[in-house]
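Inspection log for the structure reproduced underneath, given as structure tokens.
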Amino acid sequence: LGRGAVVVGLVATAAIAWSLSGLVIVQTGHRAAHYRLGELQSDMLMSGIHLTLPFPFARTAQFPVESVKAMTVGFVADPRTLSNQPMLWTKPHGDAEFPLVVGDGTELVAINAVVQYRVSDIANDLKAYVTFARDHDAMLRNLSQHVLMSETRTMTLQGLLSTDRARWGRQIRSHLQDEIVRHQLGLEVIQFDVLSIHPPIEVADSFLDIVAARIDAEKEVMEAQAAYLTERRRCEMMAATGVADANAAASVRLTGVMDEALHLEALASVDEL
């Protein structure tokens with residue numbers, strides 16, 4: 001009887017332990033994909049405690065949906081080192097850069113950007129993340145580069161250098177998110193920061209020389225225009241002064257002539273008397 005009770009107790013304990021394998025604790029900031037009989041369920045488990053079928057009839061896989069990751073686009077560097085690093089045209093940014101062809105294939109431009117992203121917490125997106133894609137980071141990097149190429153294909157280097165980078169970054173983020181949805185990556189783009197737009201490092205010095213020469217030329221043109229306007233105003237003032245002096249002289253002569261005429265009339269009147 002004692003041995004039977006022990007066996008029953010062991011069986012009961014094993015049964016309880018087995019049933020507890022269906023108790024799932026989803027960590028804070030995570031979502032869990034729920035598989036039942038090997039099939040992924042449409043409902044994703046939120047943070048908290050959930051009761052599912054015991055193993056092996058059910059299993060879960062947890063994913064961080066509040067953990068934001070960062071990836072460089074257009075160059076290779078550690079995003080964590082870029083926050084306080086000046087992005088000078090003539091200095092390398094990271095280990096390598098990948099220039100883009102712009103201006104109808106006649107110009108090259110280097111664009112340094114960082115994309116911040118995370119696993120989407122929307123059920124359908126998370127299901128897509130689990131089901132379709134494999135190397136999410138590599139696919140996101142390829143899509144980001146593709147979107148950048150599409151955005152710059154019809155632009156010129158001069159146009160890119162004068163663009164509003166913050167506004168352009170928001171536009172790229174929107175287009176990149178559309179591509180992510182289309183390819184069912186299950187990711188959410190938080191932000192796309194365009195850190196720098198510049199000519200390739202190899203030609204940056206020459207480009208700066210051209211810019212400096214253009215600025216000097218524009219300065220000389222402005223100085224010449226200013227000198228022309230100054231001389232024109234001086235001539236106009238001299239002409240106005242000359243006209244005023246001539247008018248004054250004419251007025252004096254006219255007054256003298258009128259006085260002389262009155263005098264002659266007075267003499268003529270005396271002679272008649």
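Chain labels A, B, ... are given in the sequence in which chains occur in the structure tokens; within each chain residues are numbered consecutively from 1, and ligands are likewise numbered from 1 in the order shown.
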- prompt: Quick one: residues within 10 Å of Pro56 of chain A, only C-alpha atoms counted, chain neighbours fewer than 2 positions away excluded, as an MDAnalysis selection string?
  reply: chainID A and resid 18 21:22 35:38 53:54 58:59
Generate the output file for the selected residues, C-alpha atoms, as an mmCIF file, in the first residue's frame.
```cif
data_model
loop_
_atom_site.group_PDB
_atom_site.id
_atom_site.type_symbol
_atom_site.label_atom_id
_atom_site.label_comp_id
_atom_site.auth_asym_id
_atom_site.auth_seq_id
_atom_site.Cartn_x
_atom_site.Cartn_y
_atom_site.Cartn_z
ATOM 1 C CA TRP A 18 3.521 18.658 -16.929
ATOM 2 C CA SER A 21 4.471 23.594 -18.576
ATOM 3 C CA GLY A 22 1.442 25.270 -20.112
ATOM 4 C CA TYR A 35 2.031 27.739 -31.401
ATOM 5 C CA ARG A 36 -0.697 25.146 -30.795
ATOM 6 C CA LEU A 37 -0.177 21.645 -32.181
ATOM 7 C CA GLY A 38 2.646 23.102 -34.289
ATOM 8 C CA LEU A 53 -1.740 23.626 -23.535
ATOM 9 C CA PRO A 54 1.181 21.801 -21.891
ATOM 10 C CA ALA A 58 1.849 24.111 -27.338
ATOM 11 C CA ARG A 59 4.911 26.319 -27.221
#
```
- prompt: Out of segment 28-252 of chain A, which residues get strand (DSSP E) from DSSP, as a PyMOL selection string?
  reply: chain A and resi 30-36+39-40+48-51+58-64+69-73+75-76+96-97+100-102+107-119+187-198
Can you write out as CSV which residues of segment 166-256 of chain A fall within 10 Å of segment 141-157 of chain A, alongside each residue's closest atom pair and its distance in Å to one decimal, counting only C-alpha atoms and ordering rows by chain and ascending residue number?
```
residue,atom,partner,partner_atom,distance
A:Trp168,CA,A:Glu151,CA,9.3
A:Gln171,CA,A:Glu151,CA,9.3
A:Ile172,CA,A:Val147,CA,7.1
A:Arg173,CA,A:Ser144,CA,9.0
A:His175,CA,A:Val147,CA,7.1
A:Leu176,CA,A:Val147,CA,6.3
A:Gln177,CA,A:Ser144,CA,9.6
A:Glu179,CA,A:Leu143,CA,7.1
A:Ile180,CA,A:Leu143,CA,7.7
A:His183,CA,A:Leu143,CA,9.3
A:Phe192,CA,A:Ser144,CA,9.5
A:Ile197,CA,A:Leu157,CA,8.9
A:His198,CA,A:Leu157,CA,8.2
A:Pro199,CA,A:Leu157,CA,7.9
```
Output of the above residues as a PDB file, in the first residue's frame, restricted to N, CA, C and O atoms:
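New file again-v7.pdb:
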```pdb
ATOM      1  N   TRP A 168      13.415  65.369 -45.122  1.00  0.00           N
ATOM      2  CA  TRP A 168      13.725  64.279 -46.056  1.00  0.00           C
ATOM      3  C   TRP A 168      13.809  62.946 -45.313  1.00  0.00           C
ATOM      4  O   TRP A 168      13.370  61.917 -45.817  1.00  0.00           O
ATOM      5  N   GLN A 171      10.403  61.599 -44.792  1.00  0.00           N
ATOM      6  CA  GLN A 171       9.877  61.065 -46.052  1.00  0.00           C
ATOM      7  C   GLN A 171      10.446  59.681 -46.346  1.00  0.00           C
ATOM      8  O   GLN A 171       9.704  58.760 -46.729  1.00  0.00           O
ATOM      9  N   ILE A 172      11.743  59.516 -46.131  1.00  0.00           N
ATOM     10  CA  ILE A 172      12.371  58.210 -46.348  1.00  0.00           C
ATOM     11  C   ILE A 172      11.826  57.186 -45.367  1.00  0.00           C
ATOM     12  O   ILE A 172      11.586  56.023 -45.728  1.00  0.00           O
ATOM     13  N   ARG A 173      11.628  57.582 -44.118  1.00  0.00           N
ATOM     14  CA  ARG A 173      11.075  56.655 -43.116  1.00  0.00           C
ATOM     15  C   ARG A 173       9.717  56.118 -43.561  1.00  0.00           C
ATOM     16  O   ARG A 173       9.432  54.914 -43.443  1.00  0.00           O
ATOM     17  N   HIS A 175       8.531  55.886 -46.684  1.00  0.00           N
ATOM     18  CA  HIS A 175       8.699  54.987 -47.832  1.00  0.00           C
ATOM     19  C   HIS A 175       9.324  53.649 -47.411  1.00  0.00           C
ATOM     20  O   HIS A 175       8.941  52.593 -47.927  1.00  0.00           O
ATOM     21  N   LEU A 176      10.252  53.711 -46.473  1.00  0.00           N
ATOM     22  CA  LEU A 176      10.890  52.481 -45.991  1.00  0.00           C
ATOM     23  C   LEU A 176       9.874  51.610 -45.262  1.00  0.00           C
ATOM     24  O   LEU A 176       9.876  50.383 -45.421  1.00  0.00           O
ATOM     25  N   GLN A 177       9.003  52.239 -44.490  1.00  0.00           N
ATOM     26  CA  GLN A 177       7.974  51.465 -43.778  1.00  0.00           C
ATOM     27  C   GLN A 177       7.037  50.781 -44.768  1.00  0.00           C
ATOM     28  O   GLN A 177       6.624  49.630 -44.553  1.00  0.00           O
ATOM     29  N   GLU A 179       7.875  49.706 -47.713  1.00  0.00           N
ATOM     30  CA  GLU A 179       8.613  48.567 -48.252  1.00  0.00           C
ATOM     31  C   GLU A 179       8.658  47.414 -47.249  1.00  0.00           C
ATOM     32  O   GLU A 179       8.569  46.238 -47.622  1.00  0.00           O
ATOM     33  N   ILE A 180       8.787  47.733 -45.983  1.00  0.00           N
ATOM     34  CA  ILE A 180       8.813  46.703 -44.940  1.00  0.00           C
ATOM     35  C   ILE A 180       7.493  45.952 -44.894  1.00  0.00           C
ATOM     36  O   ILE A 180       7.458  44.715 -44.786  1.00  0.00           O
ATOM     37  N   HIS A 183       7.203  43.649 -47.926  1.00  0.00           N
ATOM     38  CA  HIS A 183       8.035  42.446 -47.838  1.00  0.00           C
ATOM     39  C   HIS A 183       7.757  41.637 -46.568  1.00  0.00           C
ATOM     40  O   HIS A 183       8.444  40.645 -46.321  1.00  0.00           O
ATOM     41  N   PHE A 192      14.371  57.745 -39.102  1.00  0.00           N
ATOM     42  CA  PHE A 192      15.436  57.662 -40.114  1.00  0.00           C
ATOM     43  C   PHE A 192      16.171  59.000 -40.086  1.00  0.00           C
ATOM     44  O   PHE A 192      15.642  60.023 -40.523  1.00  0.00           O
ATOM     45  N   ILE A 197      25.282  64.629 -45.714  1.00  0.00           N
ATOM     46  CA  ILE A 197      25.237  64.476 -47.171  1.00  0.00           C
ATOM     47  C   ILE A 197      26.462  65.214 -47.711  1.00  0.00           C
ATOM     48  O   ILE A 197      26.623  66.413 -47.469  1.00  0.00           O
ATOM     49  N   HIS A 198      27.313  64.525 -48.436  1.00  0.00           N
ATOM     50  CA  HIS A 198      28.558  65.154 -48.877  1.00  0.00           C
ATOM     51  C   HIS A 198      29.131  64.405 -50.073  1.00  0.00           C
ATOM     52  O   HIS A 198      28.766  63.253 -50.331  1.00  0.00           O
ATOM     53  N   PRO A 199      30.054  65.045 -50.797  1.00  0.00           N
ATOM     54  CA  PRO A 199      30.747  64.328 -51.875  1.00  0.00           C
ATOM     55  C   PRO A 199      31.589  63.206 -51.263  1.00  0.00           C
ATOM     56  O   PRO A 199      31.923  63.250 -50.080  1.00  0.00           O
TER      57      PRO A 199
END
```
- prompt: Which of segment 24-267 of chain A counts as helix (DSSP H, G or I) under DSSP, as a PyMOL selection string please?
  reply: chain A and resi 79-81+123-131+136-152+157-161+165-182+201-267
Output of the above residues as a CSV table (one decimal), in the first residue's frame, restricted to C-alpha atoms:
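This is the output file selection-v4.csv:
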```
chain,number,residue,atom,x,y,z
A,79,PRO,CA,25.8,53.7,-34.3
A,80,ARG,CA,26.6,54.1,-30.6
A,81,THR,CA,29.8,56.1,-31.5
A,123,ALA,CA,-0.3,41.1,-34.1
A,124,ASN,CA,-0.3,40.7,-37.9
A,125,ASP,CA,3.2,42.3,-38.2
A,126,LEU,CA,4.6,40.1,-35.4
A,127,LYS,CA,3.1,37.0,-37.2
A,128,ALA,CA,4.8,38.2,-40.4
A,129,TYR,CA,8.1,38.7,-38.5
A,130,VAL,CA,7.9,35.1,-37.2
A,131,THR,CA,6.6,33.5,-40.4
A,136,HIS,CA,15.6,40.7,-40.6
A,137,ASP,CA,18.6,43.0,-40.2
A,138,ALA,CA,20.2,42.2,-43.5
A,139,MET,CA,16.8,42.6,-45.3
A,140,LEU,CA,16.3,45.9,-43.6
A,141,ARG,CA,19.7,47.1,-44.6
A,142,ASN,CA,19.1,46.2,-48.2
A,143,LEU,CA,15.7,47.8,-48.2
A,144,SER,CA,17.1,51.0,-46.7
A,145,GLN,CA,19.8,51.2,-49.3
A,146,HIS,CA,17.2,50.5,-52.1
A,147,VAL,CA,14.9,53.3,-50.8
A,148,LEU,CA,17.9,55.7,-50.6
A,149,MET,CA,18.8,54.9,-54.2
A,150,SER,CA,15.2,55.4,-55.3
A,151,GLU,CA,15.0,58.8,-53.5
A,152,THR,CA,18.2,60.1,-55.0
A,157,LEU,CA,24.3,66.8,-55.7
A,158,GLN,CA,23.6,70.5,-55.3
A,159,GLY,CA,19.9,69.7,-54.7
A,160,LEU,CA,20.8,67.1,-52.0
A,161,LEU,CA,23.3,69.5,-50.3
A,165,ARG,CA,17.6,66.7,-44.0
A,166,ALA,CA,15.0,66.3,-41.2
A,167,ARG,CA,12.0,66.6,-43.5
A,168,TRP,CA,13.7,64.3,-46.1
A,169,GLY,CA,14.4,61.7,-43.3
A,170,ARG,CA,10.7,61.6,-42.4
A,171,GLN,CA,9.9,61.1,-46.1
A,172,ILE,CA,12.4,58.2,-46.3
A,173,ARG,CA,11.1,56.7,-43.1
A,174,SER,CA,7.6,56.6,-44.6
A,175,HIS,CA,8.7,55.0,-47.8
A,176,LEU,CA,10.9,52.5,-46.0
A,177,GLN,CA,8.0,51.5,-43.8
A,178,ASP,CA,5.9,50.8,-46.9
A,179,GLU,CA,8.6,48.6,-48.3
A,180,ILE,CA,8.8,46.7,-44.9
A,181,VAL,CA,5.1,46.0,-45.0
A,182,ARG,CA,5.3,44.9,-48.6
A,201,ILE,CA,35.8,61.6,-49.2
A,202,GLU,CA,38.2,61.1,-52.2
A,203,VAL,CA,37.0,64.3,-53.9
A,204,ALA,CA,35.8,66.3,-50.9
A,205,ASP,CA,38.8,68.6,-50.9
A,206,SER,CA,38.4,69.3,-54.6
A,207,PHE,CA,34.7,70.0,-54.2
A,208,LEU,CA,35.4,72.4,-51.3
A,209,ASP,CA,37.9,74.2,-53.5
A,210,ILE,CA,35.3,74.6,-56.1
A,211,VAL,CA,32.8,75.8,-53.6
A,212,ALA,CA,35.3,78.3,-52.2
A,213,ALA,CA,36.1,79.5,-55.7
A,214,ARG,CA,32.4,79.9,-56.4
A,215,ILE,CA,31.9,81.9,-53.2
A,216,ASP,CA,34.9,84.1,-54.1
A,217,ALA,CA,33.5,84.7,-57.5
A,218,GLU,CA,30.0,85.6,-56.1
A,219,LYS,CA,31.7,87.9,-53.6
A,220,GLU,CA,33.5,89.7,-56.4
A,221,VAL,CA,30.3,90.1,-58.4
A,222,MET,CA,28.5,91.5,-55.3
A,223,GLU,CA,31.4,93.9,-54.6
A,224,ALA,CA,31.4,95.0,-58.3
A,225,GLN,CA,27.6,95.5,-58.1
A,226,ALA,CA,27.9,97.5,-54.9
A,227,ALA,CA,30.7,99.7,-56.4
A,228,TYR,CA,28.5,100.2,-59.5
A,229,LEU,CA,25.5,101.2,-57.4
A,230,THR,CA,27.7,103.6,-55.3
A,231,GLU,CA,29.2,105.2,-58.4
A,232,ARG,CA,25.7,105.5,-60.0
A,233,ARG,CA,24.3,107.2,-56.9
A,234,ARG,CA,27.3,109.6,-56.8
A,235,CYS,CA,26.8,110.5,-60.5
A,236,GLU,CA,23.0,110.9,-60.0
A,237,MET,CA,23.7,113.2,-57.0
A,238,MET,CA,26.2,115.2,-59.0
A,239,ALA,CA,23.8,115.5,-61.9
A,240,ALA,CA,21.0,116.6,-59.6
A,241,THR,CA,23.3,119.1,-58.0
A,242,GLY,CA,24.3,120.4,-61.4
A,243,VAL,CA,20.7,120.7,-62.5
A,244,ALA,CA,19.9,122.5,-59.2
A,245,ASP,CA,22.8,124.9,-59.7
A,246,ALA,CA,21.8,125.6,-63.3
A,247,ASN,CA,18.2,126.3,-62.3
A,248,ALA,CA,19.4,128.6,-59.6
A,249,ALA,CA,21.7,130.5,-62.0
A,250,ALA,CA,18.9,130.7,-64.5
A,251,SER,CA,16.6,132.1,-61.9
A,252,VAL,CA,19.1,134.7,-60.9
A,253,ARG,CA,19.7,135.7,-64.5
A,254,LEU,CA,15.9,135.9,-65.1
A,255,THR,CA,15.5,138.1,-62.1
A,256,GLY,CA,18.3,140.4,-63.3
A,257,VAL,CA,16.8,140.6,-66.8
A,258,MET,CA,13.4,141.4,-65.4
A,259,ASP,CA,14.8,144.1,-63.1
A,260,GLU,CA,16.7,145.6,-66.1
A,261,ALA,CA,13.5,145.5,-68.2
A,262,LEU,CA,11.5,147.3,-65.5
A,263,HIS,CA,14.3,149.9,-65.3
A,264,LEU,CA,14.2,150.5,-69.0
A,265,GLU,CA,10.4,150.8,-68.9
A,266,ALA,CA,10.7,153.4,-66.2
A,267,LEU,CA,13.2,155.4,-68.2
```
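Closest approach to Val76 of chain A among A:Ala12, A:Met44, A:Val114, A:Leu100: A:Val114, based on only C-alpha atoms.
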Show me, as a short mmCIF file (atom, residue, chain, number, x, y, z; two decimals) with all heavy atoms, in the first residue's frame, the residues that have an atom within 10 Å of Val119 of chain A when counting only C-alpha atoms, minus same-chain residues fewer than 3 positions from it.
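Just written: result_22.cif:
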```cif
data_model
loop_
_atom_site.label_atom_id
_atom_site.label_comp_id
_atom_site.auth_asym_id
_atom_site.auth_seq_id
_atom_site.Cartn_x
_atom_site.Cartn_y
_atom_site.Cartn_z
N HIS A 30 7.64 42.55 -24.07
CA HIS A 30 7.72 41.46 -25.05
C HIS A 30 6.32 41.07 -25.52
O HIS A 30 5.31 41.35 -24.87
CB HIS A 30 8.41 40.23 -24.45
CG HIS A 30 9.88 40.39 -24.26
ND1 HIS A 30 10.43 41.31 -23.39
CD2 HIS A 30 10.95 39.72 -24.83
CE1 HIS A 30 11.75 41.23 -23.43
NE2 HIS A 30 12.08 40.27 -24.28
N ARG A 31 6.30 40.44 -26.69
CA ARG A 31 5.10 39.75 -27.17
C ARG A 31 5.54 38.32 -27.47
O ARG A 31 6.71 38.07 -27.80
CB ARG A 31 4.53 40.40 -28.44
CG ARG A 31 4.05 41.82 -28.23
CD ARG A 31 2.78 41.90 -27.42
NE ARG A 31 2.31 43.28 -27.35
CZ ARG A 31 2.70 44.16 -26.42
NH1 ARG A 31 3.59 43.79 -25.51
NH2 ARG A 31 2.23 45.38 -26.42
N PHE A 63 9.44 37.82 -28.18
CA PHE A 63 10.20 38.79 -28.96
C PHE A 63 10.09 40.16 -28.29
O PHE A 63 8.99 40.58 -27.89
CB PHE A 63 9.67 38.88 -30.39
CG PHE A 63 9.70 37.57 -31.13
CD1 PHE A 63 8.59 36.74 -31.14
CD2 PHE A 63 10.85 37.15 -31.78
CE1 PHE A 63 8.61 35.53 -31.81
CE2 PHE A 63 10.88 35.94 -32.45
CZ PHE A 63 9.76 35.12 -32.46
N PRO A 64 11.20 40.89 -28.19
CA PRO A 64 11.17 42.24 -27.59
C PRO A 64 10.55 43.25 -28.56
O PRO A 64 11.04 43.40 -29.69
CB PRO A 64 12.64 42.55 -27.32
CG PRO A 64 13.37 41.74 -28.36
CD PRO A 64 12.57 40.49 -28.57
N VAL A 65 9.47 43.89 -28.15
CA VAL A 65 8.81 44.86 -29.04
C VAL A 65 9.02 46.30 -28.59
O VAL A 65 8.55 47.23 -29.25
CB VAL A 65 7.29 44.56 -29.13
CG1 VAL A 65 7.05 43.22 -29.79
CG2 VAL A 65 6.64 44.60 -27.75
N GLU A 66 9.72 46.49 -27.48
CA GLU A 66 10.02 47.84 -27.01
C GLU A 66 11.51 48.14 -27.06
O GLU A 66 11.93 49.24 -26.74
CB GLU A 66 9.50 48.03 -25.58
CG GLU A 66 7.97 47.95 -25.46
CD GLU A 66 7.49 48.17 -24.05
OE1 GLU A 66 8.34 48.45 -23.17
OE2 GLU A 66 6.27 48.09 -23.81
N SER A 67 12.30 47.17 -27.47
CA SER A 67 13.74 47.35 -27.58
C SER A 67 14.07 47.93 -28.95
O SER A 67 13.86 47.29 -29.98
CB SER A 67 14.46 46.00 -27.38
OG SER A 67 15.85 46.14 -27.55
N VAL A 68 14.58 49.15 -28.97
CA VAL A 68 14.89 49.85 -30.22
C VAL A 68 16.34 49.57 -30.62
O VAL A 68 17.26 49.72 -29.80
CB VAL A 68 14.66 51.37 -30.08
CG1 VAL A 68 15.05 52.08 -31.38
CG2 VAL A 68 13.21 51.65 -29.73
N LYS A 69 16.53 49.16 -31.85
CA LYS A 69 17.87 48.91 -32.40
C LYS A 69 18.21 49.99 -33.43
O LYS A 69 17.32 50.70 -33.93
CB LYS A 69 17.91 47.52 -33.05
CG LYS A 69 17.60 46.38 -32.10
CD LYS A 69 17.47 45.05 -32.82
CE LYS A 69 18.77 44.60 -33.43
NZ LYS A 69 18.67 43.26 -34.08
N ILE A 122 2.24 45.00 -33.36
CA ILE A 122 0.94 44.70 -33.97
C ILE A 122 0.89 43.21 -34.31
O ILE A 122 1.85 42.65 -34.85
CB ILE A 122 0.72 45.55 -35.24
CG1 ILE A 122 0.76 47.04 -34.87
CG2 ILE A 122 -0.60 45.19 -35.91
CD1 ILE A 122 0.69 47.96 -36.06
N ASP A 125 1.75 42.05 -37.86
CA ASP A 125 3.15 42.31 -38.18
C ASP A 125 4.06 41.31 -37.46
O ASP A 125 5.03 40.81 -38.03
CB ASP A 125 3.53 43.73 -37.78
CG ASP A 125 2.87 44.78 -38.66
OD1 ASP A 125 2.40 44.41 -39.74
OD2 ASP A 125 2.83 45.95 -38.25
N LEU A 126 3.76 41.04 -36.19
CA LEU A 126 4.57 40.08 -35.45
C LEU A 126 4.46 38.69 -36.04
O LEU A 126 5.45 37.94 -36.10
CB LEU A 126 4.14 40.08 -33.98
CG LEU A 126 4.99 39.23 -33.02
CD1 LEU A 126 6.46 39.63 -33.11
CD2 LEU A 126 4.49 39.36 -31.59
N TYR A 129 6.66 38.71 -38.94
CA TYR A 129 8.06 38.66 -38.48
C TYR A 129 8.47 37.22 -38.18
O TYR A 129 9.58 36.79 -38.53
CB TYR A 129 8.19 39.52 -37.22
CG TYR A 129 9.58 39.55 -36.62
CD1 TYR A 129 10.52 40.48 -37.05
CD2 TYR A 129 9.95 38.65 -35.62
CE1 TYR A 129 11.79 40.51 -36.51
CE2 TYR A 129 11.22 38.68 -35.07
CZ TYR A 129 12.14 39.61 -35.51
OH TYR A 129 13.40 39.63 -34.97
N HIS A 136 16.36 39.43 -40.58
CA HIS A 136 15.64 40.71 -40.64
C HIS A 136 16.59 41.89 -40.80
O HIS A 136 16.30 42.83 -41.56
CB HIS A 136 14.80 40.88 -39.37
CG HIS A 136 13.78 39.82 -39.18
ND1 HIS A 136 14.07 38.61 -38.59
CD2 HIS A 136 12.46 39.77 -39.50
CE1 HIS A 136 12.98 37.86 -38.55
NE2 HIS A 136 11.99 38.54 -39.10
N LEU A 185 8.25 42.11 -43.30
CA LEU A 185 9.36 41.95 -42.36
C LEU A 185 8.88 41.97 -40.90
O LEU A 185 9.57 41.46 -40.03
CB LEU A 185 10.39 43.07 -42.55
CG LEU A 185 11.37 42.93 -43.71
CD1 LEU A 185 12.42 44.02 -43.63
CD2 LEU A 185 12.04 41.58 -43.71
N GLY A 186 7.75 42.62 -40.66
CA GLY A 186 7.24 42.68 -39.29
C GLY A 186 8.01 43.64 -38.40
O GLY A 186 8.02 43.49 -37.18
N LEU A 187 8.66 44.65 -39.00
CA LEU A 187 9.42 45.64 -38.25
C LEU A 187 8.72 47.00 -38.31
O LEU A 187 7.95 47.28 -39.23
CB LEU A 187 10.84 45.78 -38.80
CG LEU A 187 11.73 44.54 -38.74
CD1 LEU A 187 13.05 44.79 -39.44
CD2 LEU A 187 11.97 44.10 -37.30
N GLU A 188 9.02 47.84 -37.34
CA GLU A 188 8.51 49.21 -37.33
C GLU A 188 9.69 50.17 -37.31
O GLU A 188 10.56 50.07 -36.44
CB GLU A 188 7.64 49.45 -36.10
CG GLU A 188 7.13 50.88 -35.99
CD GLU A 188 6.43 51.18 -34.68
OE1 GLU A 188 6.34 50.25 -33.83
OE2 GLU A 188 5.99 52.32 -34.49
N VAL A 189 9.73 51.08 -38.27
CA VAL A 189 10.79 52.08 -38.33
C VAL A 189 10.40 53.23 -37.42
O VAL A 189 9.39 53.90 -37.63
CB VAL A 189 11.02 52.58 -39.76
CG1 VAL A 189 12.11 53.65 -39.79
CG2 VAL A 189 11.41 51.42 -40.67
#
```
